[in-house]
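This is start25.cif (mmCIF, C-alpha atoms).
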data_start
#
loop_
_atom_site.label_atom_id
_atom_site.label_comp_id
_atom_site.auth_asym_id
_atom_site.auth_seq_id
_atom_site.Cartn_x
_atom_site.Cartn_y
_atom_site.Cartn_z
CA MET F 20 -0.32 -32.84 23.22
CA ASP F 21 -1.41 -35.71 20.96
CA ILE F 22 -2.57 -39.09 22.25
CA THR F 23 0.68 -40.88 21.43
CA ALA F 24 2.72 -38.34 23.41
CA GLN F 25 0.31 -38.59 26.34
CA LEU F 26 0.47 -42.39 26.37
CA ALA F 27 4.25 -42.37 25.99
CA ALA F 28 4.47 -40.18 29.12
CA VAL F 29 2.29 -42.64 31.05
CA VAL F 30 4.37 -45.61 29.87
CA ARG F 31 7.58 -43.80 30.87
CA GLN F 32 6.21 -43.16 34.36
CA CYS F 33 5.10 -46.77 34.79
CA THR F 34 8.43 -48.07 33.53
CA GLU F 35 10.36 -45.73 35.82
CA GLY F 36 8.31 -47.08 38.73
CA PHE F 37 9.14 -50.67 37.84
CA SER F 38 12.80 -49.73 37.41
CA ALA F 39 12.85 -48.16 40.88
CA LEU F 40 11.30 -51.28 42.38
CA ASP F 41 13.82 -53.46 40.59
CA ARG F 42 16.74 -51.36 41.86
CA ARG F 43 15.56 -52.01 45.41
CA SER F 44 14.91 -55.72 45.17
CA GLY F 45 16.19 -57.02 41.82
CA PHE F 46 13.05 -59.08 41.21
CA ILE F 47 12.55 -58.30 37.53
CA GLU F 48 14.02 -60.98 35.32
CA THR F 49 13.10 -62.13 31.82
CA THR F 50 9.68 -63.55 32.70
CA GLU F 51 8.67 -60.49 34.71
CA ARG F 52 10.04 -58.14 32.04
CA GLU F 53 7.88 -59.84 29.40
CA ALA F 54 4.82 -59.79 31.67
CA ILE F 55 5.23 -56.06 32.37
CA TYR F 56 5.63 -55.31 28.66
CA LEU F 57 2.62 -57.43 27.67
CA ALA F 58 0.46 -55.87 30.39
CA LEU F 59 1.33 -52.31 29.37
CA MET F 60 0.81 -53.04 25.69
CA GLY F 61 -2.48 -54.80 26.48
CA ILE F 62 -3.68 -51.70 28.28
CA MET F 63 -2.62 -49.53 25.33
CA ASP F 64 -4.39 -51.84 22.85
CA ALA F 65 -7.60 -51.91 24.93
CA MET F 66 -7.56 -48.13 25.24
CA ASP F 67 -7.03 -47.72 21.50
CA GLU F 68 -9.85 -50.15 20.75
CA GLN F 69 -12.18 -48.24 23.06
CA ARG F 70 -11.19 -44.96 21.42
CA SER F 71 -11.98 -46.38 17.98
CA ARG F 72 -15.51 -47.23 19.17
CA LEU F 73 -16.09 -43.82 20.72
CA PHE F 74 -14.38 -41.57 18.18
CA GLU F 75 -14.60 -43.43 14.88
CA ALA F 76 -14.21 -40.45 12.57
CA ASP F 77 -11.97 -38.24 14.70
CA ARG F 78 -9.65 -40.92 16.06
CA GLN F 79 -5.98 -40.07 15.90
CA PRO F 80 -3.96 -43.29 15.56
CA VAL F 81 -1.57 -44.31 18.34
CA ASP F 82 1.98 -44.84 17.19
CA GLN F 83 2.81 -48.19 18.82
CA ALA F 84 6.51 -47.86 17.94
CA ALA F 85 6.66 -44.59 19.89
CA ILE F 86 5.07 -46.30 22.90
CA ASP F 87 7.63 -49.13 22.70
CA ALA F 88 10.44 -46.58 22.40
CA ALA F 89 9.18 -44.69 25.46
CA MET F 90 9.40 -47.86 27.51
CA ASP F 91 12.86 -48.69 26.19
CA GLU F 92 14.13 -45.15 26.94
CA VAL F 93 13.69 -45.44 30.69
CA SER F 94 13.81 -49.17 31.38
CA ASP F 95 16.58 -50.24 33.75
CA PHE F 96 15.40 -53.81 33.96
#
Take the structure in the file and write it out as structure tokens.
Amino acid sequence: MDITAQLAAVVRQCTEGFSALDRRSGFIETTEREAIYLALMGIMDAMDEQRSRLFEADRQPVDQAAIDAAMDEVSDF
């Protein structure tokens, strides 16, 4: 499995967790939605930056659009 697919799976799981929490309490509104998105994307960016330092020549690029799509697929909030 390539890195983008692995990260998309992680983002889906995180998003499903937030969706489950929101179904219980309804706490996720616009501000929280943006904060969750920015936090997840920040983690993805930091990971990709670290990978570029460690694996300069062999680094497979992360498809950011696929990561965004993974979050959108399962988001209920």
Would you mind reading off the distance between atom CA of F:Met66 and atom CA of F:Phe46, one decimal, in Å?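 These two atoms are separated by 28.3 Å.
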I'd like the contact shell of F:Glu35 - 10 Å cut-off, all atoms listed in the file, skipping same-chain residues fewer than 5 positions apart - returned as a list in words.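 Residues near the query, excluding close chain neighbours: Val29, Val30, Leu40, Asp41, Met90, Glu92, Val93, Ser94, Asp95 and Phe96 of chain F.
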Skipping near chain neighbours, those fewer than 6 positions away, what residues fall within 12 Å of F:Tyr56 using only C-alpha atoms, listed as a ChimeraX atom specification? /F:30-31,33-34,37,47,49-50,62-63,86-91,94,96
Report as a PyMOL selection string the residues that result from applying the PyMOL selection byres ((chain F and resi 67) around 12) to the structure here. chain F and resi 22-23+26+60-66+68-75+78-83
Between atom CA of F:Arg43 and atom CA of F:Ala27, what distance in Å does the model show, to one decimal?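 We find that atom CA of F:Arg43 and atom CA of F:Ala27 lie 24.5 Å from each other.
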Report, in Å to a single decimal, how far apart atom CA of F:Ala28 and atom CA of F:Gly45 are.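 For atom CA of F:Gly45 relative to atom CA of F:Ala28, the distance reads 24.1 Å.
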